[in-house]
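Colleague: Before I ask anything, let me first share the structure, which is written out below as structure tokens.
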Amino acid sequence: MDLKEQMREAGVDFSACYQCGKCTASCPVAFAMDYGPRHIVRFLQLGWWDEALKSRSIWLCAACDTCSTRCPRSVNPAKMMDCLRVQAGNRRIVAEPKVKVFNDTFLHIIRRYGRIHEGELAIRFNLITGQLFKDARLGVAMLRRGKIHGMPRRIRGIGTLRRIFAQTDGRKE
Amino acid sequence: MKRAFFPGCSLQATGREYGISTRAVARHLDLELIEIPDWNCCGASSAHSTDELLALALPARNLALAEKMGLDIVAPCAGCFNRLRAAEVALRKPAWQTRVEQLLGMPVTGKITTCNLLDFLVNQVGPETIRRKVIRPLRGLRVVCYYGCLLVRPRALTGFDDPENPQSMDRLMLDLGATVIDWPFKTECCGGNLAIPCTDLTLKMSGQLLRRAQEAGAEAIVTACPLCMLNLDARQEEMEKFGMNLPLPIFYFTELMGLSMGLAPESLGLQCHFTDPQKLLQAKLLL
């Protein structure tokens with residue numbers, strides 16, 4: 001399935017956009033993006049898929065859904081960002097690697113145990129991104145407050161989860 | 001009232017005081033919350049940023065487990081609630097349902113519905129029942145209610161309150177006797193899970209919320225989301241570097257419910273906070 005069709009199926013109608021800019025005005029992360037959501041929608045209207053996929057914006061989007069709530073044309077820019085992230089990830093075009101590493105690490109832990117383990121998530125994320133002591137103080141403070149699970153424990157239904165992961169891994173449809 | 005309970009990962013760790021206070025308040029109100037046996041993580045934002053089917057199948061397993069129990073679900077975490085609801089809505093399409101059932105190897109119809117804890121308490125348990133239990137009103141405590149994103153958006157999924165100017169938590173706090181201050185940042189994003197990969201970005205976003213709450217005259221922020229709580233509560237020391245005049249205590253709405261109902265602070269997990277609320281509560285004669 002190509003990206004355009006994938007968007008249509010997900011209910012994203014970028015051709016309906018009349019570029020009012022409400023999405024960008026509402027976006028709490030726009031200040032840090034290379035292109036605001038209105039810009040990304042415009043790229044898609046022009047068929048500039050690579051520009052959209054290569055942008056940092058799709059990774060910095062916090063998926064807060066404010067843009068989609070306010071869009072007067074029901075374009076659903078938040079869902080658009082989601083589709084672009086999925087596609088960019090599949091094509092290994094990742095302008096903000098740390099965000100992708102975080103998502104992958106998060107899912108790796110779910111695949112292993114069925115539930116998240118904050119300690120392992122933080123340690124793995126730090127190792128992969130080469131920032132060994134990031135949030136170390138916070139981590140200690142959290143441990144002291146019992147805010148990090150003890151030893152990770154697998155759920156009984158882990159087999160089902162592994163099957164879900166195996167069959168959705170790198171799905172290109 | 002009996003419900004299937006989906007604690008989610010946060011309520012056992014980063015947001016454990018949310019779990020502790022939820023259970024304490026539920027016990028006090030004679031609500032039976034039965035944990036879904038062997039539940040799994042909902043996949044959160046990481047799953048829907050990676051694969052749509054994965055993002056539906058993970059929460060759908062929990063729906064299938066609750067279906068076996070024959071009970072509707074109550075989920076306190078805004079993120080879990082949002083993902084469970086997304087799965088529930090997707091399962092109404094036969095094509096998705098067939099694919100998800102195939103993946104799970106068990107039946108799931110999507111007939112079990114998920115309710116957020118706030119919605120459950122305010123709209124199903126009801127304000128009369130809650131008001132009757134308030135023995136120590138939160139008199140003089142000036143709060144702003146912070147709903148964040150996933151509790152109220154998208155409206156088609158969440159449904160129970162307005163996505164721009166929600167009221168349910170505000171009304172609940174009024175019922176508990178608190179002074180509720182209106183502010184325009186009720187549903188502004190705290191930065192969510194970007195806190196780990198893009199910490200500076202979320203410090204700005206959460207920092208702005210704290211500053212705006214202070215400007216509105218609030219002495220504390222009330223929240224219903226463990227990720228919002230973590231971003232607002234745990235990194236205040238880092239924010240002070242930006243010249244902010246902190247601390248500003250953050251509460252889960254369930255903690256304030258428990259306090260107003262006369263439950264002991266330790267039984268609500270108040271000692272787990274990063275930003276110690278003790279001074280404020282003592283000043284208001286609530287401890």
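Following the order of the structure tokens, first chain is A, next is B, and so on, with residues numbered from 1 inside each chain and ligands from 1 in the order they appear.
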Hey, could you make a per-residue contact list for chain A against chain B with 6 Å as the cut-off, showing the nearest pair of atoms and its distance in Å to one decimal, counting only C-alpha atoms, sorted by chain and number, as a Markdown table?
Modeller:
| residue | atom | partner | partner_atom | distance |
| --- | --- | --- | --- | --- |
| A:Cys64 | CA | B:Cys149 | CA | 5.3 |
| A:Asp82 | CA | B:Ser49 | CA | 5.5 |
| A:Arg85 | CA | B:Ser49 | CA | 5.9 |
| A:Val86 | CA | B:Thr50 | CA | 4.9 |
| A:Lys98 | CA | B:Pro197 | CA | 5.3 |
| A:Val99 | CA | B:Pro197 | CA | 5.3 |
| A:Asn103 | CA | B:Ser46 | CA | 4.6 |
| A:Gly114 | CA | B:Asn40 | CA | 5.2 |
| A:Arg115 | CA | B:Cys41 | CA | 4.7 |
| A:Arg145 | CA | B:Cys272 | CA | 5.4 |
| A:Lys147 | CA | B:Ala13 | CA | 4.1 |
| A:Ile148 | CA | B:Ala13 | CA | 5.0 |
| A:His149 | CA | B:Ala13 | CA | 5.6 |
| A:Ile155 | CA | B:Asp38 | CA | 5.9 |
| A:Ile164 | CA | B:Leu103 | CA | 5.8 |
Colleague: Taking the backbone alone, and naming residues the way the document does, which bits of stretch 137-276 of chain B are strand (DSSP E or B) by DSSP, as a list in words?
Modeller: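 Result set for stretch 137-276 of chain B (strand (DSSP E or B)): Arg142, Val143, Val144, Cys145, Tyr146, Thr179, Val180, Ala220, Ile221, Val222, Thr223, Ile250, Phe251 and Tyr252 of chain B.
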Colleague: Would you list, as a PyMOL selection string, the residues of stretch 39-147 of chain A that end up in helix (DSSP H, G or I) under DSSP run on this structure's backbone?
Modeller: chain A and resi 39-45+49-54+57-60+66-70+77-90+97-113+118-129+136-144
Colleague: Determine, counting only C-alpha atoms, which protein, DNA and RNA residues have an atom within 12 Å of an atom of A:Pro72; residues of the same chain fewer than 2 positions away are not included. Present the result as a short mmCIF file (atom, residue, chain, number, x, y, z; two decimals) with N, CA, C and O atoms, in the first residue's frame.
Modeller:
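Generated output (out.cif):
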data_model
loop_
_atom_site.label_atom_id
_atom_site.label_comp_id
_atom_site.auth_asym_id
_atom_site.auth_seq_id
_atom_site.Cartn_x
_atom_site.Cartn_y
_atom_site.Cartn_z
N ALA A 16 -8.00 18.21 1.46
CA ALA A 16 -9.05 19.12 1.92
C ALA A 16 -8.49 20.39 2.58
O ALA A 16 -9.21 21.36 2.78
N CYS A 17 -7.20 20.37 2.89
CA CYS A 17 -6.59 21.48 3.65
C CYS A 17 -6.56 22.77 2.83
O CYS A 17 -6.15 22.76 1.68
N TYR A 18 -7.05 23.89 3.42
CA TYR A 18 -6.93 25.18 2.72
C TYR A 18 -5.88 26.08 3.36
O TYR A 18 -5.93 27.29 3.27
N GLN A 19 -4.96 25.45 4.09
CA GLN A 19 -3.77 26.15 4.58
C GLN A 19 -4.07 27.31 5.53
O GLN A 19 -3.42 28.35 5.46
N CYS A 20 -5.04 27.13 6.40
CA CYS A 20 -5.36 28.23 7.33
C CYS A 20 -4.29 28.37 8.41
O CYS A 20 -4.10 29.43 8.98
N GLY A 21 -3.59 27.26 8.73
CA GLY A 21 -2.50 27.35 9.70
C GLY A 21 -2.91 27.19 11.15
O GLY A 21 -2.12 27.38 12.06
N LYS A 22 -4.16 26.80 11.37
CA LYS A 22 -4.62 26.62 12.75
C LYS A 22 -3.83 25.51 13.44
O LYS A 22 -3.56 25.58 14.64
N CYS A 23 -3.46 24.49 12.67
CA CYS A 23 -2.70 23.37 13.24
C CYS A 23 -1.36 23.85 13.80
O CYS A 23 -1.00 23.53 14.94
N CYS A 67 -4.08 19.67 16.94
CA CYS A 67 -4.29 20.08 15.55
C CYS A 67 -5.55 19.44 14.98
O CYS A 67 -6.38 20.10 14.37
N SER A 68 -5.69 18.13 15.21
CA SER A 68 -6.84 17.43 14.64
C SER A 68 -8.15 17.87 15.29
O SER A 68 -9.19 17.92 14.64
N THR A 69 -8.07 18.21 16.57
CA THR A 69 -9.28 18.67 17.26
C THR A 69 -9.75 20.00 16.68
O THR A 69 -10.94 20.26 16.57
N ARG A 70 -8.80 20.85 16.28
CA ARG A 70 -9.16 22.20 15.84
C ARG A 70 -9.27 22.36 14.33
O ARG A 70 -9.77 23.39 13.86
N SER A 74 -11.17 18.97 8.94
CA SER A 74 -11.06 17.56 9.36
C SER A 74 -9.97 16.79 8.62
O SER A 74 -10.16 15.66 8.20
N VAL A 75 -8.82 17.45 8.47
CA VAL A 75 -7.71 16.81 7.77
C VAL A 75 -7.07 15.72 8.63
O VAL A 75 -6.57 14.73 8.12
N ASN A 76 -7.11 15.90 9.92
CA ASN A 76 -6.46 15.00 10.89
C ASN A 76 -4.94 14.97 10.76
O ASN A 76 -4.33 13.91 10.49
N PRO A 77 -4.31 16.12 10.97
CA PRO A 77 -2.84 16.18 10.86
C PRO A 77 -2.12 15.27 11.85
O PRO A 77 -1.04 14.75 11.54
#
Colleague: Could you tell me how far atom CA of B:Val25 sits from atom CA of B:Thr129, in Å to one decimal place?
Modeller: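 If I compute the distance from atom CA of B:Thr129 to atom CA of B:Val25, I get 12.2 Å.
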Colleague: Let me make sure I understand: among A:Gln87, A:Gln6, A:Ser15, A:Thr160, which one has the smallest atom-to-atom distance to A:Leu46 if we use only C-alpha atoms?
Modeller: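 Smallest separation from A:Leu46 among the options: A:Ser15.
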Colleague: I'd like the neighbourhood of A:Ile40 as a list in words, where a residue qualifies if any of its atoms comes within 10 Å (using only C-alpha atoms), though same-chain residues fewer than 4 positions away should be ignored.
Modeller: Phe14, Thr24, Asp34, Tyr35, Gly36, Leu44, Gln45, Leu46, Trp48, Trp49, Glu51, Ala52, Leu53, Ser55, Ser57, Ile58, Pro77, Met80, Met81 and Leu84 of chain A
Colleague: Store the residues picked out above in a file with N, CA, C and O atoms, as a PDB file, in the first residue's frame.
Modeller:
ATOM      1  N   PHE A  14      -5.530  15.057   3.259  1.00  0.00           N
ATOM      2  CA  PHE A  14      -4.707  16.279   3.176  1.00  0.00           C
ATOM      3  C   PHE A  14      -5.128  17.195   2.029  1.00  0.00           C
ATOM      4  O   PHE A  14      -4.865  18.387   2.044  1.00  0.00           O
ATOM      5  N   THR A  24      -0.654  24.631  12.996  1.00  0.00           N
ATOM      6  CA  THR A  24       0.654  25.106  13.447  1.00  0.00           C
ATOM      7  C   THR A  24       0.509  26.078  14.611  1.00  0.00           C
ATOM      8  O   THR A  24       1.281  26.040  15.562  1.00  0.00           O
ATOM      9  N   ASP A  34      11.235  21.788  12.334  1.00  0.00           N
ATOM     10  CA  ASP A  34      11.793  22.445  11.148  1.00  0.00           C
ATOM     11  C   ASP A  34      10.653  22.961  10.248  1.00  0.00           C
ATOM     12  O   ASP A  34      10.774  24.024   9.646  1.00  0.00           O
ATOM     13  N   TYR A  35       9.572  22.191  10.156  1.00  0.00           N
ATOM     14  CA  TYR A  35       8.384  22.645   9.442  1.00  0.00           C
ATOM     15  C   TYR A  35       7.182  22.407  10.337  1.00  0.00           C
ATOM     16  O   TYR A  35       7.042  21.316  10.888  1.00  0.00           O
ATOM     17  N   GLY A  36       6.285  23.379  10.454  1.00  0.00           N
ATOM     18  CA  GLY A  36       5.072  23.176  11.241  1.00  0.00           C
ATOM     19  C   GLY A  36       4.147  22.210  10.521  1.00  0.00           C
ATOM     20  O   GLY A  36       4.345  21.915   9.337  1.00  0.00           O
ATOM     21  N   LEU A  44       2.620  17.322   1.280  1.00  0.00           N
ATOM     22  CA  LEU A  44       1.872  16.168   0.785  1.00  0.00           C
ATOM     23  C   LEU A  44       0.972  16.585  -0.380  1.00  0.00           C
ATOM     24  O   LEU A  44       0.855  15.861  -1.376  1.00  0.00           O
ATOM     25  N   GLN A  45       0.369  17.772  -0.274  1.00  0.00           N
ATOM     26  CA  GLN A  45      -0.478  18.244  -1.380  1.00  0.00           C
ATOM     27  C   GLN A  45       0.337  18.373  -2.667  1.00  0.00           C
ATOM     28  O   GLN A  45      -0.142  18.125  -3.760  1.00  0.00           O
ATOM     29  N   LEU A  46       1.594  18.780  -2.525  1.00  0.00           N
ATOM     30  CA  LEU A  46       2.456  18.977  -3.692  1.00  0.00           C
ATOM     31  C   LEU A  46       3.127  17.681  -4.141  1.00  0.00           C
ATOM     32  O   LEU A  46       3.860  17.663  -5.124  1.00  0.00           O
ATOM     33  N   TRP A  48       5.402  16.180  -2.389  1.00  0.00           N
ATOM     34  CA  TRP A  48       6.804  16.194  -1.914  1.00  0.00           C
ATOM     35  C   TRP A  48       6.950  15.247  -0.721  1.00  0.00           C
ATOM     36  O   TRP A  48       7.218  15.674   0.400  1.00  0.00           O
ATOM     37  N   TRP A  49       6.792  13.976  -0.971  1.00  0.00           N
ATOM     38  CA  TRP A  49       6.782  13.000   0.126  1.00  0.00           C
ATOM     39  C   TRP A  49       8.112  12.949   0.858  1.00  0.00           C
ATOM     40  O   TRP A  49       8.155  12.834   2.082  1.00  0.00           O
ATOM     41  N   GLU A  51      10.333  15.240   1.362  1.00  0.00           N
ATOM     42  CA  GLU A  51      10.523  16.381   2.272  1.00  0.00           C
ATOM     43  C   GLU A  51       9.793  16.113   3.597  1.00  0.00           C
ATOM     44  O   GLU A  51      10.304  16.404   4.676  1.00  0.00           O
ATOM     45  N   ALA A  52       8.578  15.570   3.474  1.00  0.00           N
ATOM     46  CA  ALA A  52       7.800  15.274   4.678  1.00  0.00           C
ATOM     47  C   ALA A  52       8.473  14.174   5.496  1.00  0.00           C
ATOM     48  O   ALA A  52       8.648  14.298   6.714  1.00  0.00           O
ATOM     49  N   LEU A  53       8.879  13.116   4.811  1.00  0.00           N
ATOM     50  CA  LEU A  53       9.460  11.970   5.525  1.00  0.00           C
ATOM     51  C   LEU A  53      10.805  12.308   6.166  1.00  0.00           C
ATOM     52  O   LEU A  53      11.180  11.738   7.183  1.00  0.00           O
ATOM     53  N   SER A  55      11.619  15.201   7.441  1.00  0.00           N
ATOM     54  CA  SER A  55      11.565  16.313   8.399  1.00  0.00           C
ATOM     55  C   SER A  55      11.726  15.821   9.838  1.00  0.00           C
ATOM     56  O   SER A  55      11.396  14.677  10.173  1.00  0.00           O
ATOM     57  N   SER A  57      10.106  17.266  12.139  1.00  0.00           N
ATOM     58  CA  SER A  57       8.793  17.531  12.734  1.00  0.00           C
ATOM     59  C   SER A  57       8.002  16.268  13.038  1.00  0.00           C
ATOM     60  O   SER A  57       7.349  16.177  14.078  1.00  0.00           O
ATOM     61  N   ILE A  58       8.062  15.293  12.112  1.00  0.00           N
ATOM     62  CA  ILE A  58       7.222  14.110  12.315  1.00  0.00           C
ATOM     63  C   ILE A  58       7.644  13.351  13.573  1.00  0.00           C
ATOM     64  O   ILE A  58       6.842  12.663  14.178  1.00  0.00           O
ATOM     65  N   PRO A  77      -4.306  16.120  10.968  1.00  0.00           N
ATOM     66  CA  PRO A  77      -2.841  16.185  10.863  1.00  0.00           C
ATOM     67  C   PRO A  77      -2.124  15.269  11.855  1.00  0.00           C
ATOM     68  O   PRO A  77      -1.042  14.753  11.536  1.00  0.00           O
ATOM     69  N   MET A  80      -1.899  12.038  10.327  1.00  0.00           N
ATOM     70  CA  MET A  80      -0.943  12.172   9.222  1.00  0.00           C
ATOM     71  C   MET A  80       0.497  11.993   9.735  1.00  0.00           C
ATOM     72  O   MET A  80       1.302  11.272   9.133  1.00  0.00           O
ATOM     73  N   MET A  81       0.800  12.647  10.852  1.00  0.00           N
ATOM     74  CA  MET A  81       2.135  12.535  11.447  1.00  0.00           C
ATOM     75  C   MET A  81       2.434  11.078  11.800  1.00  0.00           C
ATOM     76  O   MET A  81       3.545  10.585  11.603  1.00  0.00           O
ATOM     77  N   LEU A  84       3.239   9.142   8.718  1.00  0.00           N
ATOM     78  CA  LEU A  84       4.565   9.511   8.219  1.00  0.00           C
ATOM     79  C   LEU A  84       5.664   8.886   9.070  1.00  0.00           C
ATOM     80  O   LEU A  84       6.681   8.418   8.553  1.00  0.00           O
TER      81      LEU A  84
END
Colleague: Got a sec: who's within 12 Å of B:Leu281, counting only C-alpha atoms, leaving out chain neighbours fewer than 2 positions off, as a list in words?
Modeller: Leu138, Arg139, Gly140, Leu141, Arg142, Glu219, Ala220, Pro249, Ile250, Phe251, Glu255, Leu256, Leu259, Ser260, Pro265, Leu270, Asp276, Pro277, Gln278, Lys279, Ala283, Lys284, Leu285, Leu286 and Leu287 of chain B
Colleague: Quick one: everything within 12 Å of stretch 212-216 of chain B, counting only C-alpha atoms, minus sequence neighbours fewer than 3 positions away in the same chain. Send it as number ranges by chain.
Modeller: B: 142-146, 180-186, 188, 205-209, 219-222, 232, 244-250
Colleague: Identify which of the residues A:Met7, A:Ala141, A:Val101, A:Ala78 lies closest to A:Ser26, counting only C-alpha atoms when measuring atom-to-atom distances.
Modeller: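 Closest to A:Ser26, using only C-alpha atoms: A:Ala78.
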Colleague: Skipping near chain neighbours, those fewer than 5 positions away, what residues fall within 8 Å of A:Lys79 using only C-alpha atoms, listed as a PyMOL selection string?
Modeller: chain A and resi 10-12+68
Colleague: Give me, please, the distance in Å between atom CA of B:Phe160 and atom CA of B:Gly217, quoted to one decimal.
Modeller: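 Calculated distance between atom CA of B:Phe160 and atom CA of B:Gly217 is 27.7 Å.
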Colleague: Report, in Å with one decimal, the straight-line distance from atom CA of B:Ala95 to atom CA of A:Lys100.
Modeller: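 We find that atom CA of B:Ala95 and atom CA of A:Lys100 lie 29.2 Å from each other.
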Colleague: Would you mind telling me which residue in B:Gln97, B:Arg92, B:Leu117, B:Phe81 lies nearest to B:Arg3 when using only C-alpha atoms?
Modeller: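 Checking each candidate against B:Arg3, we get B:Leu117 as the closest.
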